[in-house]
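Quick look at run-v9.cif (mmCIF, C-alpha atoms):
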data_work
loop_
_atom_site.group_PDB
_atom_site.id
_atom_site.type_symbol
_atom_site.label_atom_id
_atom_site.label_comp_id
_atom_site.auth_asym_id
_atom_site.auth_seq_id
_atom_site.Cartn_x
_atom_site.Cartn_y
_atom_site.Cartn_z
ATOM 1 C CA MET Y 1 53.279 21.224 119.518
ATOM 2 C CA ILE Y 2 55.207 23.673 121.671
ATOM 3 C CA THR Y 3 53.779 24.280 125.121
ATOM 4 C CA PRO Y 4 55.140 25.912 128.285
ATOM 5 C CA TYR Y 5 55.781 22.415 129.650
ATOM 6 C CA ASN Y 6 58.029 21.268 126.793
ATOM 7 C CA LEU Y 7 59.562 24.629 125.880
ATOM 8 C CA VAL Y 8 62.900 23.887 127.506
ATOM 9 C CA ARG Y 9 63.270 20.683 125.479
ATOM 10 C CA HIS Y 10 61.876 22.210 122.306
ATOM 11 C CA GLU Y 11 63.669 23.796 119.357
ATOM 12 C CA LEU Y 12 64.139 27.480 120.195
ATOM 13 C CA ILE Y 13 65.088 28.741 116.747
ATOM 14 C CA GLY Y 14 62.251 30.776 115.343
ATOM 15 C CA LEU Y 15 60.739 31.727 118.694
ATOM 16 C CA ARG Y 16 60.240 35.327 119.695
ATOM 17 C CA CYS Y 17 61.901 36.210 122.948
ATOM 18 C CA LYS Y 18 62.923 39.115 125.108
ATOM 19 C CA VAL Y 19 65.639 39.544 127.713
ATOM 20 C CA VAL Y 20 63.914 40.787 130.873
ATOM 21 C CA ALA Y 21 66.734 40.499 133.386
ATOM 22 C CA SER Y 22 70.469 40.053 133.205
ATOM 23 C CA LYS Y 23 73.684 40.445 135.142
ATOM 24 C CA ASN Y 24 74.823 42.590 132.212
ATOM 25 C CA LYS Y 25 72.417 45.542 132.160
ATOM 26 C CA ASN Y 26 73.181 46.228 128.497
ATOM 27 C CA LEU Y 27 71.383 43.023 127.539
ATOM 28 C CA VAL Y 28 68.095 43.903 129.256
ATOM 29 C CA GLY Y 29 65.359 44.804 126.803
ATOM 30 C CA ILE Y 30 66.785 43.017 123.779
ATOM 31 C CA CYS Y 31 63.818 41.610 121.907
ATOM 32 C CA GLY Y 32 63.782 39.567 118.715
ATOM 33 C CA THR Y 33 63.723 36.140 117.124
ATOM 34 C CA VAL Y 34 66.118 33.336 117.950
ATOM 35 C CA VAL Y 35 68.108 32.511 114.799
ATOM 36 C CA ASP Y 36 70.812 30.242 116.176
ATOM 37 C CA GLU Y 37 71.858 28.482 119.322
ATOM 38 C CA THR Y 38 74.995 26.954 120.782
ATOM 39 C CA LYS Y 39 75.720 25.362 124.123
ATOM 40 C CA ASN Y 40 76.149 28.646 125.963
ATOM 41 C CA MET Y 41 74.791 31.283 123.588
ATOM 42 C CA LEU Y 42 71.567 32.345 121.927
ATOM 43 C CA ILE Y 43 71.787 34.450 118.786
ATOM 44 C CA ILE Y 44 68.838 36.813 118.545
ATOM 45 C CA GLU Y 45 68.022 38.854 115.471
ATOM 46 C CA THR Y 46 66.671 42.299 116.241
ATOM 47 C CA ASN Y 47 66.316 45.318 113.952
ATOM 48 C CA GLY Y 48 68.267 43.574 111.209
ATOM 49 C CA ARG Y 49 71.297 42.736 113.342
ATOM 50 C CA GLU Y 50 72.291 39.646 115.251
ATOM 51 C CA ILE Y 51 73.137 39.815 118.934
ATOM 52 C CA LYS Y 52 74.785 37.002 120.879
ATOM 53 C CA ILE Y 53 73.324 36.490 124.325
ATOM 54 C CA PRO Y 54 75.033 34.255 126.890
ATOM 55 C CA LYS Y 55 72.443 31.916 128.348
ATOM 56 C CA ASN Y 56 73.684 31.678 131.905
ATOM 57 C CA VAL Y 57 73.352 35.376 132.801
ATOM 58 C CA VAL Y 58 69.899 36.210 131.466
ATOM 59 C CA THR Y 59 66.227 35.637 132.164
ATOM 60 C CA LEU Y 60 64.142 35.367 129.013
ATOM 61 C CA HIS Y 61 60.492 35.697 128.108
ATOM 62 C CA PHE Y 62 59.421 33.389 125.285
ATOM 63 C CA TYR Y 63 56.209 34.387 123.537
ATOM 64 C CA LEU Y 64 54.091 31.364 122.704
ATOM 65 C CA LYS Y 65 50.579 31.355 121.261
ATOM 66 C CA GLU Y 66 48.801 30.671 124.516
ATOM 67 C CA ALA Y 67 51.218 32.026 127.114
ATOM 68 C CA VAL Y 68 54.334 33.979 127.916
ATOM 69 C CA VAL Y 69 56.928 31.770 129.579
ATOM 70 C CA GLU Y 70 59.734 33.121 131.700
ATOM 71 C CA VAL Y 71 62.866 30.966 131.620
ATOM 72 C CA ASP Y 72 66.089 31.345 133.574
ATOM 73 C CA GLY Y 73 68.861 31.062 131.017
ATOM 74 C CA GLU Y 74 70.777 28.611 133.194
ATOM 75 C CA VAL Y 75 68.101 25.994 132.484
ATOM 76 C CA LEU Y 76 68.859 26.307 128.748
ATOM 77 C CA VAL Y 77 72.616 25.871 129.039
ATOM 78 C CA ALA Y 78 73.247 22.737 126.995
ATOM 79 C CA ARG Y 79 73.775 21.829 123.370
ATOM 80 C CA PRO Y 80 70.428 21.887 121.510
ATOM 81 C CA GLU Y 81 70.678 18.165 120.801
ATOM 82 C CA ASP Y 82 71.349 17.466 124.484
ATOM 83 C CA ARG Y 83 68.523 19.652 125.745
ATOM 84 C CA ILE Y 84 65.850 17.282 124.490
ATOM 85 C CA LYS Y 85 66.878 14.643 127.001
ATOM 86 C CA LYS Y 86 67.486 17.046 129.881
ATOM 87 C CA LYS Y 87 65.781 16.211 133.162
ATOM 88 C CA LEU Y 88 63.987 19.135 134.741
ATOM 89 C CA LYS Y 89 63.366 19.333 138.458
ATOM 90 C CA ARG Y 90 59.899 20.207 139.635
ATOM 91 C CA CYS Y 91 59.504 23.166 141.983
ATOM 92 C CA MET N 1 50.487 49.821 148.598
ATOM 93 C CA ASN N 2 52.055 53.289 148.527
ATOM 94 C CA LYS N 3 53.236 53.535 152.097
ATOM 95 C CA LYS N 4 55.661 50.995 153.592
ATOM 96 C CA THR N 5 53.903 49.024 156.265
ATOM 97 C CA PHE N 6 54.253 45.732 158.054
ATOM 98 C CA ILE N 7 53.089 42.729 156.029
ATOM 99 C CA ASP N 8 52.559 39.877 158.448
ATOM 100 C CA LEU N 9 52.335 36.563 156.628
ATOM 101 C CA HIS N 10 52.155 34.179 159.577
ATOM 102 C CA VAL N 11 48.724 34.688 161.098
ATOM 103 C CA HIS N 12 46.273 31.929 161.958
ATOM 104 C CA SER N 13 42.522 32.339 162.016
ATOM 105 C CA ILE N 14 39.887 30.056 163.490
ATOM 106 C CA ASN N 15 40.094 27.963 160.317
ATOM 107 C CA SER N 16 43.455 26.590 161.427
ATOM 108 C CA LYS N 17 45.167 27.108 164.786
ATOM 109 C CA GLY N 18 43.748 30.503 165.682
ATOM 110 C CA VAL N 19 40.859 31.855 167.682
ATOM 111 C CA ASP N 20 39.427 34.774 165.702
ATOM 112 C CA THR N 21 37.600 34.833 162.407
ATOM 113 C CA PRO N 22 39.403 36.124 159.309
ATOM 114 C CA THR N 23 37.174 39.219 159.111
ATOM 115 C CA ARG N 24 37.881 40.096 162.732
ATOM 116 C CA LEU N 25 41.617 39.694 162.190
ATOM 117 C CA LEU N 26 41.400 41.835 159.073
ATOM 118 C CA TYR N 27 39.507 44.546 160.966
ATOM 119 C CA HIS N 28 42.149 44.642 163.702
ATOM 120 C CA ALA N 29 44.939 44.635 161.160
ATOM 121 C CA ASP N 30 43.334 47.653 159.471
ATOM 122 C CA GLN N 31 43.110 49.380 162.849
ATOM 123 C CA LEU N 32 46.840 48.771 163.376
ATOM 124 C CA GLY N 33 47.665 49.834 159.835
ATOM 125 C CA ILE N 34 49.233 46.536 158.791
ATOM 126 C CA LYS N 35 48.541 43.934 156.109
ATOM 127 C CA ILE N 36 48.131 40.295 157.032
ATOM 128 C CA GLY N 37 48.324 36.923 155.337
ATOM 129 C CA LEU N 38 46.395 33.977 156.745
ATOM 130 C CA CYS N 39 48.258 30.681 156.487
ATOM 131 C CA ASP N 40 45.175 28.502 156.961
ATOM 132 C CA GLY N 41 45.447 26.678 153.648
ATOM 133 C CA ILE N 42 42.301 28.431 152.363
ATOM 134 C CA LYS N 43 41.992 30.910 149.485
ATOM 135 C CA TYR N 44 40.407 34.083 150.806
ATOM 136 C CA ASP N 45 38.995 36.989 148.823
ATOM 137 C CA ILE N 46 38.471 39.462 151.651
ATOM 138 C CA GLY N 47 41.642 41.469 151.151
ATOM 139 C CA VAL N 48 44.133 39.224 152.950
ATOM 140 C CA PHE N 49 46.930 37.167 151.464
ATOM 141 C CA SER N 50 46.235 33.429 151.382
ATOM 142 C CA GLY N 51 48.959 31.063 152.392
ATOM 143 C CA ILE N 52 49.518 27.613 153.782
ATOM 144 C CA GLU N 53 51.717 26.295 156.540
ATOM 145 C CA ILE N 54 53.120 22.867 155.802
ATOM 146 C CA PHE N 55 54.174 20.338 158.405
ATOM 147 C CA ALA N 56 55.967 17.127 157.519
ATOM 148 C CA LYS N 57 57.664 14.232 159.266
ATOM 149 C CA ASP N 58 59.891 13.120 156.399
ATOM 150 C CA LYS N 59 61.243 14.335 153.078
ATOM 151 C CA LYS N 60 58.771 12.387 150.972
ATOM 152 C CA GLU N 61 55.771 13.877 152.763
ATOM 153 C CA LEU N 62 57.318 17.340 152.516
ATOM 154 C CA LYS N 63 57.859 17.054 148.759
ATOM 155 C CA ILE N 64 54.309 15.811 148.201
ATOM 156 C CA LYS N 65 52.774 18.616 150.253
ATOM 157 C CA LEU N 66 54.916 21.292 148.570
ATOM 158 C CA LYS N 67 53.961 19.961 145.152
ATOM 159 C CA GLU N 68 50.255 19.992 146.040
ATOM 160 C CA ALA N 69 50.375 23.509 147.435
ATOM 161 C CA ARG N 70 52.486 25.003 144.655
ATOM 162 C CA ASN N 71 50.628 27.546 142.480
ATOM 163 C CA LYS N 72 47.502 27.426 144.673
ATOM 164 C CA PHE N 73 48.441 29.939 147.357
ATOM 165 C CA ASP N 74 50.179 33.288 147.630
ATOM 166 C CA TYR N 75 52.917 31.774 149.785
ATOM 167 C CA ILE N 76 53.978 28.532 151.455
ATOM 168 C CA ILE N 77 55.536 28.311 154.910
ATOM 169 C CA ALA N 78 57.483 25.130 155.596
ATOM 170 C CA ASN N 79 57.382 24.487 159.335
ATOM 171 C CA VAL N 80 59.544 21.421 159.846
ATOM 172 C CA ASP N 81 61.830 20.255 162.606
ATOM 173 C CA GLY N 82 65.272 18.787 162.263
ATOM 174 C CA ILE N 83 68.133 20.107 160.213
ATOM 175 C CA GLU N 84 67.731 17.497 157.454
ATOM 176 C CA LEU N 85 64.081 18.336 156.851
ATOM 177 C CA ARG N 86 64.798 22.057 156.950
ATOM 178 C CA ARG N 87 67.505 21.599 154.327
ATOM 179 C CA ALA N 88 65.048 19.620 152.207
ATOM 180 C CA ALA N 89 62.459 22.401 152.548
ATOM 181 C CA VAL N 90 64.949 24.943 151.219
ATOM 182 C CA GLU N 91 66.087 22.662 148.390
ATOM 183 C CA ASN N 92 62.471 22.120 147.327
ATOM 184 C CA CYS N 93 61.784 25.831 147.099
ATOM 185 C CA ALA N 94 59.362 26.563 149.900
ATOM 186 C CA ASP N 95 58.702 30.308 149.940
ATOM 187 C CA ILE N 96 59.353 30.749 153.654
ATOM 188 C CA LEU N 97 61.256 28.499 156.063
ATOM 189 C CA ALA N 98 59.711 28.803 159.511
ATOM 190 C CA HIS N 99 61.618 29.934 162.564
ATOM 191 C CA GLY N 100 64.124 27.283 163.643
ATOM 192 C CA GLU N 101 67.617 25.881 163.193
ATOM 193 C CA VAL N 102 69.800 27.438 160.541
ATOM 194 C CA ASP N 103 73.221 26.362 159.348
ATOM 195 C CA THR N 104 75.558 27.577 156.626
ATOM 196 C CA TYR N 105 74.188 25.072 154.085
ATOM 197 C CA ILE N 106 70.654 26.384 154.593
ATOM 198 C CA ALA N 107 71.977 29.940 154.389
ATOM 199 C CA ARG N 108 73.692 29.349 151.050
ATOM 200 C CA LYS N 109 70.802 27.398 149.566
ATOM 201 C CA ALA N 110 68.265 29.984 150.748
ATOM 202 C CA ARG N 111 70.136 32.638 148.780
ATOM 203 C CA GLU N 112 70.325 30.416 145.716
ATOM 204 C CA LYS N 113 66.676 29.286 145.804
ATOM 205 C CA ASN N 114 65.172 32.618 146.934
ATOM 206 C CA VAL N 115 63.804 31.165 150.146
ATOM 207 C CA ALA N 116 63.147 33.602 152.993
ATOM 208 C CA LEU N 117 63.928 32.596 156.555
ATOM 209 C CA GLU N 118 61.377 33.546 159.149
ATOM 210 C CA ILE N 119 61.875 35.369 162.403
ATOM 211 C CA ASN N 120 58.758 34.680 164.412
ATOM 212 C CA LEU N 121 58.292 37.293 167.105
ATOM 213 C CA SER N 122 55.786 35.208 169.068
ATOM 214 C CA LYS N 123 58.603 32.771 169.902
ATOM 215 C CA LEU N 124 60.469 35.657 171.524
ATOM 216 C CA ILE N 125 57.578 37.512 173.110
ATOM 217 C CA ASN N 126 55.821 34.456 174.557
ATOM 218 C CA ALA N 127 58.957 32.704 175.784
ATOM 219 C CA ASP N 128 60.071 32.226 179.383
ATOM 220 C CA PRO N 129 62.686 34.763 180.482
ATOM 221 C CA GLN N 130 65.438 32.110 180.514
ATOM 222 C CA LYS N 131 64.542 30.825 177.072
ATOM 223 C CA ARG N 132 64.257 34.348 175.702
ATOM 224 C CA ILE N 133 68.019 34.774 175.955
ATOM 225 C CA SER N 134 68.717 31.775 173.734
ATOM 226 C CA ILE N 135 66.050 32.877 171.248
ATOM 227 C CA LEU N 136 67.586 36.344 171.052
ATOM 228 C CA ARG N 137 70.976 34.757 170.514
ATOM 229 C CA HIS N 138 69.501 32.612 167.735
ATOM 230 C CA ILE N 139 67.921 35.644 166.034
ATOM 231 C CA LYS N 140 71.256 37.465 166.120
ATOM 232 C CA THR N 141 72.943 34.410 164.578
ATOM 233 C CA VAL N 142 70.362 34.304 161.801
ATOM 234 C CA LEU N 143 70.840 38.030 161.212
ATOM 235 C CA MET N 144 74.604 37.584 161.038
ATOM 236 C CA LEU N 145 74.215 34.716 158.533
ATOM 237 C CA SER N 146 71.784 36.814 156.481
ATOM 238 C CA ASN N 147 74.295 39.665 156.306
ATOM 239 C CA LYS N 148 77.041 37.263 155.294
ATOM 240 C CA TYR N 149 75.208 35.032 152.804
ATOM 241 C CA LYS N 150 72.695 37.646 151.621
ATOM 242 C CA PHE N 151 69.516 35.595 151.931
ATOM 243 C CA ASP N 152 66.164 37.216 152.679
ATOM 244 C CA LEU N 153 64.743 37.468 156.173
ATOM 245 C CA ILE N 154 61.051 37.832 156.861
ATOM 246 C CA VAL N 155 59.552 38.940 160.159
ATOM 247 C CA THR N 156 56.193 37.686 161.324
ATOM 248 C CA SER N 157 54.120 37.952 164.465
ATOM 249 C CA GLY N 158 52.972 34.312 164.559
ATOM 250 C CA ALA N 159 49.582 35.607 165.702
ATOM 251 C CA HIS N 160 46.861 33.180 166.762
ATOM 252 C CA ASN N 161 44.449 35.909 167.831
ATOM 253 C CA ARG N 162 43.894 39.608 167.251
ATOM 254 C CA TYR N 163 45.838 40.591 170.369
ATOM 255 C CA ASP N 164 48.994 38.962 168.983
ATOM 256 C CA LEU N 165 49.018 41.266 165.969
ATOM 257 C CA ARG N 166 51.707 43.916 166.154
ATOM 258 C CA ALA N 167 51.761 47.400 164.689
ATOM 259 C CA PHE N 168 54.515 48.595 162.395
ATOM 260 C CA ARG N 169 56.260 50.796 164.953
ATOM 261 C CA GLU N 170 56.384 48.076 167.626
ATOM 262 C CA VAL N 171 58.005 45.546 165.316
ATOM 263 C CA TYR N 172 60.343 48.104 163.775
ATOM 264 C CA GLU N 173 61.679 49.312 167.125
ATOM 265 C CA LEU N 174 62.033 45.742 168.402
ATOM 266 C CA LEU N 175 64.065 44.743 165.362
ATOM 267 C CA LYS N 176 66.280 47.787 165.733
ATOM 268 C CA ALA N 177 66.826 46.923 169.398
ATOM 269 C CA ILE N 178 67.832 43.375 168.420
ATOM 270 C CA GLY N 179 70.419 44.686 165.981
ATOM 271 C CA PHE N 180 68.702 45.112 162.616
ATOM 272 C CA SER N 181 69.647 48.139 160.579
ATOM 273 C CA GLU N 182 66.796 50.401 159.431
ATOM 274 C CA GLU N 183 67.055 49.157 155.895
ATOM 275 C CA LYS N 184 67.203 45.499 156.920
ATOM 276 C CA ALA N 185 64.212 45.883 159.228
ATOM 277 C CA LEU N 186 62.080 47.508 156.514
ATOM 278 C CA HIS N 187 63.219 44.889 154.060
ATOM 279 C CA ALA N 188 62.165 42.057 156.375
ATOM 280 C CA MET N 189 58.853 43.677 157.315
ATOM 281 C CA TYR N 190 57.668 44.927 153.954
ATOM 282 C CA SER N 191 59.813 44.281 150.866
ATOM 283 C CA VAL N 192 60.404 40.554 151.277
ATOM 284 C CA PRO N 193 56.783 39.560 152.049
ATOM 285 C CA LEU N 194 55.571 41.700 149.177
ATOM 286 C CA LYS N 195 58.117 40.163 146.827
ATOM 287 C CA ILE N 196 57.061 36.627 147.780
ATOM 288 C CA VAL N 197 53.363 37.302 147.287
ATOM 289 C CA GLU N 198 53.818 39.189 144.020
ATOM 290 C CA ARG N 199 56.103 36.475 142.662
ATOM 291 C CA ASN N 200 53.516 33.764 143.307
ATOM 292 C CA ARG N 201 50.611 35.849 142.054
ATOM 293 C CA LYS N 202 52.483 36.758 138.905
ATOM 294 C CA TYR N 203 53.699 33.310 137.903
ATOM 295 C CA ILE N 204 52.630 29.711 137.645
ATOM 296 C CA HIS N 205 55.736 27.682 138.504
ATOM 297 C CA ILE N 206 56.276 24.620 136.325
ATOM 298 C CA TYR N 207 59.885 23.574 136.791
ATOM 299 C CA ARG N 208 62.809 25.203 138.560
ATOM 300 C CA GLY N 209 63.700 28.128 136.362
ATOM 301 C CA VAL N 210 60.574 27.891 134.182
ATOM 302 C CA ARG N 211 57.428 29.893 134.933
ATOM 303 C CA ILE N 212 54.297 30.931 133.060
ATOM 304 C CA LEU N 213 53.139 34.518 133.432
ATOM 305 C CA ARG N 214 49.586 34.570 134.734
ATOM 306 C CA GLN N 215 47.290 36.477 132.376
#
Show the structure stored in the file as structure tokens.
Amino acid sequence: MITPYNLVRHELIGLRCKVVASKNKNLVGICGTVVDETKNMLIIETNGREIKIPKNVVTLHFYLKEAVVEVDGEVLVARPEDRIKKKLKRC
Amino acid sequence: MNKKTFIDLHVHSINSKGVDTPTRLLYHADQLGIKIGLCDGIKYDIGVFSGIEIFAKDKKELKIKLKEARNKFDYIIANVDGIELRRAAVENCADILAHGEVDTYIARKAREKNVALEINLSKLINADPQKRISILRHIKTVLMLSNKYKFDLIVTSGAHNRYDLRAFREVYELLKAIGFSEEKALHAMYSVPLKIVERNRKYIHIYRGVRILRQ
């Protein structure tokens, strides 16, 4: 089951997310569902169109059932199959 | 908080190294028109910010104490000696690195990890005249590094009793005399402390780069 603690290692396709901060101001506010993922990009569907978001320049909110999790995109930079074995440093 | 004021996050009450009770300190802070945070390691609900000051002798102890304090307090001050321990404190994401040695590695990492470096006015005010010169020189070095590497500076009074608390105007004019610009002084006195407290109150930190929004 997806939780805030395993979100970074979890499958992201199908999750609702929103870009809350970015180096590119045009990306801020984009909200939708993740439909695809590559090593450096997230493809988010919003209002019937697909937008490619680079991971390393954004901060995302992922909306889970029990919580909203804020994730720095840099943490997600990896191929989806490599992310499951990624080691995360504690704060 | 509508009006910019001085938010002093390094104040000790009788519950740690201080002399006065938290309510007395709060009363005097209100009289001076400032906001205070008590770094006693206790959660208060009397209208002050609650923080903790961490001391450690080695990296392992520092990591353990930071991990235990994370998500429990509004801010964490890492007060460690030695350049290696201070680097470790910055790498492990303490909120504030106490007044002390700074090098270019700490400066770069502080920017990257959003760690604020403290300028403790009690070290300057209570120092011997001879030592005051070297402390002033150190503060100017830290200011120069902050301007170059763009990390946050935070100014505190280091108060152990109500008479050590400083009003906004006193601190502001002192910082300007040392060499701070108006904007930098206000940033260090108000914006940075507020940002640290709001960040910790807003989020529960799980891993680096992953946070849960508090409901």
Point to revise | Contact residues (chain Y, partner chain N, 9 Å, all atoms listed in the file) as a PyMOL selection string | key: chain Y and resi 4-5+7-8+59+67-75+88-91
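When CA of Leu32 in chain N is paired with CA of Tyr190 in chain N, their separation reads 14.9 Å.
The set of protein, DNA and RNA residues with any counted atom at most 6 Å from (69.4, 32.6, 114.6) (all atoms listed in the file) reads Val34, Val35, Asp36, Ile43 and Ile44 of chain Y.
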Expressed in Å, the length from CA of Lys43 in chain N to CA of Tyr75 in chain N is 11.0 Å
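Separating CA of Ile178 in chain N from CA of Ile139 in chain N is a distance of 8.1 Å.
Every protein, DNA or RNA residue with an atom at most 12 Å from Phe180 in chain N, where all atoms listed in the file count and chain neighbours fewer than 2 positions away do not, is listed here: Ile119, Ile139, Lys140, Thr141, Val142, Leu143, Met144, Ser146, Asn147, Leu153, Val155, Val171, Tyr172, Glu173, Leu174, Leu175, Lys176, Ala177, Ile178, Glu182, Glu183, Lys184, Ala185, Leu186, His187, Ala188 and Met189 of chain N.
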### Message
Residue by residue, what does the PyMOL selection byres ((chain Y and resi 79) around 6) grab here? Present the result as a ChimeraX atom specification.
### Response
/Y:38-39,78,80-82
Q. Residues picked by the PyMOL selection byres ((chain Y and resi 13-19) around 8) here, as a PyMOL selection string?
A. chain Y and resi 11-12+20-22+27-37+58-64
* Could you please give me, as JSON, numbers by chain, the residues of protein, DNA or RNA lying at most 9 Å from (53.5, 23.6, 157.1) in the coordinate frame of the file, considering all atoms listed in the file? => {"N": [39, 52, 53, 54, 55, 56, 62, 65, 66, 76, 77, 78, 79, 80, 98]}
With the file shown as input, list the residues that the PyMOL selection byres ((chain Y and resi 55) around 8) selects, as a compact mmCIF listing (two decimals) with C-alpha atoms, in the frame of the given file.
# COMPACT_ATOMS: atom_id res chain seq x y z
CA ASN Y 40 76.15 28.65 125.96
CA MET Y 41 74.79 31.28 123.59
CA LEU Y 42 71.57 32.34 121.93
CA ILE Y 53 73.32 36.49 124.32
CA PRO Y 54 75.03 34.26 126.89
CA ASN Y 56 73.68 31.68 131.90
CA VAL Y 57 73.35 35.38 132.80
CA VAL Y 58 69.90 36.21 131.47
CA GLY Y 73 68.86 31.06 131.02
CA GLU Y 74 70.78 28.61 133.19
CA LEU Y 76 68.86 26.31 128.75
CA VAL Y 77 72.62 25.87 129.04
**Item:** For range 120-125 of chain N: contacts at 8 Å, all atoms listed in the file, fewer than 2 positions along chain excluded, given as a PyMOL selection string
**Value:** chain N and resi 98-99+118+127+132+135-136+155-159+164
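Proximity to Ala107 in chain N at 8 Å, evaluated using only C-alpha atoms and with sequence-adjacent residues fewer than 5 positions away removed, yields N:Val102, N:Leu145, N:Ser146, N:Tyr149, N:Phe151.
Residues in contact range of Gly33 in chain N, defined as at most 9 Å between only C-alpha atoms, with sequence neighbours fewer than 4 positions away removed, read Thr5, Phe6, His28, Ala29, Ala167 and Phe168 of chain N.
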Taking C-alpha atoms for each residue, export the selection above as a compact mmCIF listing (two decimals), in the frame of the given file.
# COMPACT_ATOMS: atom_id res chain seq x y z
CA THR N 5 53.90 49.02 156.26
CA PHE N 6 54.25 45.73 158.05
CA HIS N 28 42.15 44.64 163.70
CA ALA N 29 44.94 44.64 161.16
CA ALA N 167 51.76 47.40 164.69
CA PHE N 168 54.52 48.60 162.40
Please reconstruct the missing atoms of range 65-79 of chain Y (target: N, CA, C and O atoms) and return them as a PDB file, in the frame of the given file.
ATOM      1  N   LYS Y  65      51.946  30.963 121.656  1.00  0.00           N
ATOM      2  CA  LYS Y  65      50.579  31.355 121.261  1.00  0.00           C
ATOM      3  C   LYS Y  65      49.684  31.549 122.466  1.00  0.00           C
ATOM      4  O   LYS Y  65      48.908  32.485 122.542  1.00  0.00           O
ATOM      5  N   GLU Y  66      49.762  30.606 123.417  1.00  0.00           N
ATOM      6  CA  GLU Y  66      48.801  30.671 124.516  1.00  0.00           C
ATOM      7  C   GLU Y  66      49.357  31.287 125.788  1.00  0.00           C
ATOM      8  O   GLU Y  66      48.602  31.525 126.719  1.00  0.00           O
ATOM      9  N   ALA Y  67      50.657  31.537 125.864  1.00  0.00           N
ATOM     10  CA  ALA Y  67      51.218  32.026 127.114  1.00  0.00           C
ATOM     11  C   ALA Y  67      52.563  32.690 126.879  1.00  0.00           C
ATOM     12  O   ALA Y  67      53.202  32.503 125.842  1.00  0.00           O
ATOM     13  N   VAL Y  68      52.975  33.449 127.894  1.00  0.00           N
ATOM     14  CA  VAL Y  68      54.334  33.979 127.916  1.00  0.00           C
ATOM     15  C   VAL Y  68      55.070  33.205 128.998  1.00  0.00           C
ATOM     16  O   VAL Y  68      54.589  33.110 130.142  1.00  0.00           O
ATOM     17  N   VAL Y  69      56.202  32.632 128.641  1.00  0.00           N
ATOM     18  CA  VAL Y  69      56.928  31.770 129.579  1.00  0.00           C
ATOM     19  C   VAL Y  69      58.238  32.457 129.947  1.00  0.00           C
ATOM     20  O   VAL Y  69      58.995  32.877 129.069  1.00  0.00           O
ATOM     21  N   GLU Y  70      58.470  32.548 131.229  1.00  0.00           N
ATOM     22  CA  GLU Y  70      59.734  33.121 131.700  1.00  0.00           C
ATOM     23  C   GLU Y  70      60.683  31.974 132.007  1.00  0.00           C
ATOM     24  O   GLU Y  70      60.327  31.039 132.726  1.00  0.00           O
ATOM     25  N   VAL Y  71      61.896  32.052 131.468  1.00  0.00           N
ATOM     26  CA  VAL Y  71      62.866  30.966 131.620  1.00  0.00           C
ATOM     27  C   VAL Y  71      64.181  31.551 132.108  1.00  0.00           C
ATOM     28  O   VAL Y  71      64.683  32.523 131.516  1.00  0.00           O
ATOM     29  N   ASP Y  72      64.733  30.971 133.165  1.00  0.00           N
ATOM     30  CA  ASP Y  72      66.089  31.345 133.574  1.00  0.00           C
ATOM     31  C   ASP Y  72      67.053  30.727 132.571  1.00  0.00           C
ATOM     32  O   ASP Y  72      66.990  29.529 132.295  1.00  0.00           O
ATOM     33  N   GLY Y  73      67.948  31.530 132.058  1.00  0.00           N
ATOM     34  CA  GLY Y  73      68.861  31.062 131.017  1.00  0.00           C
ATOM     35  C   GLY Y  73      69.690  29.864 131.423  1.00  0.00           C
ATOM     36  O   GLY Y  73      70.067  29.044 130.581  1.00  0.00           O
ATOM     37  N   GLU Y  74      69.958  29.746 132.713  1.00  0.00           N
ATOM     38  CA  GLU Y  74      70.777  28.611 133.194  1.00  0.00           C
ATOM     39  C   GLU Y  74      70.124  27.278 132.847  1.00  0.00           C
ATOM     40  O   GLU Y  74      70.813  26.278 132.662  1.00  0.00           O
ATOM     41  N   VAL Y  75      68.815  27.238 132.802  1.00  0.00           N
ATOM     42  CA  VAL Y  75      68.101  25.994 132.484  1.00  0.00           C
ATOM     43  C   VAL Y  75      68.364  25.591 131.029  1.00  0.00           C
ATOM     44  O   VAL Y  75      68.322  24.410 130.688  1.00  0.00           O
ATOM     45  N   LEU Y  76      68.671  26.577 130.167  1.00  0.00           N
ATOM     46  CA  LEU Y  76      68.859  26.307 128.748  1.00  0.00           C
ATOM     47  C   LEU Y  76      70.299  25.976 128.385  1.00  0.00           C
ATOM     48  O   LEU Y  76      70.572  25.622 127.235  1.00  0.00           O
ATOM     49  N   VAL Y  77      71.208  26.106 129.362  1.00  0.00           N
ATOM     50  CA  VAL Y  77      72.616  25.871 129.039  1.00  0.00           C
ATOM     51  C   VAL Y  77      72.823  24.396 128.735  1.00  0.00           C
ATOM     52  O   VAL Y  77      72.764  23.551 129.624  1.00  0.00           O
ATOM     53  N   ALA Y  78      72.989  24.095 127.481  1.00  0.00           N
ATOM     54  CA  ALA Y  78      73.247  22.737 126.995  1.00  0.00           C
ATOM     55  C   ALA Y  78      73.236  22.833 125.479  1.00  0.00           C
ATOM     56  O   ALA Y  78      72.649  23.760 124.915  1.00  0.00           O
ATOM     57  N   ARG Y  79      73.878  21.872 124.826  1.00  0.00           N
ATOM     58  CA  ARG Y  79      73.775  21.829 123.370  1.00  0.00           C
ATOM     59  C   ARG Y  79      72.330  21.525 122.990  1.00  0.00           C
ATOM     60  O   ARG Y  79      71.647  20.774 123.699  1.00  0.00           O
TER      61      ARG Y  79
END
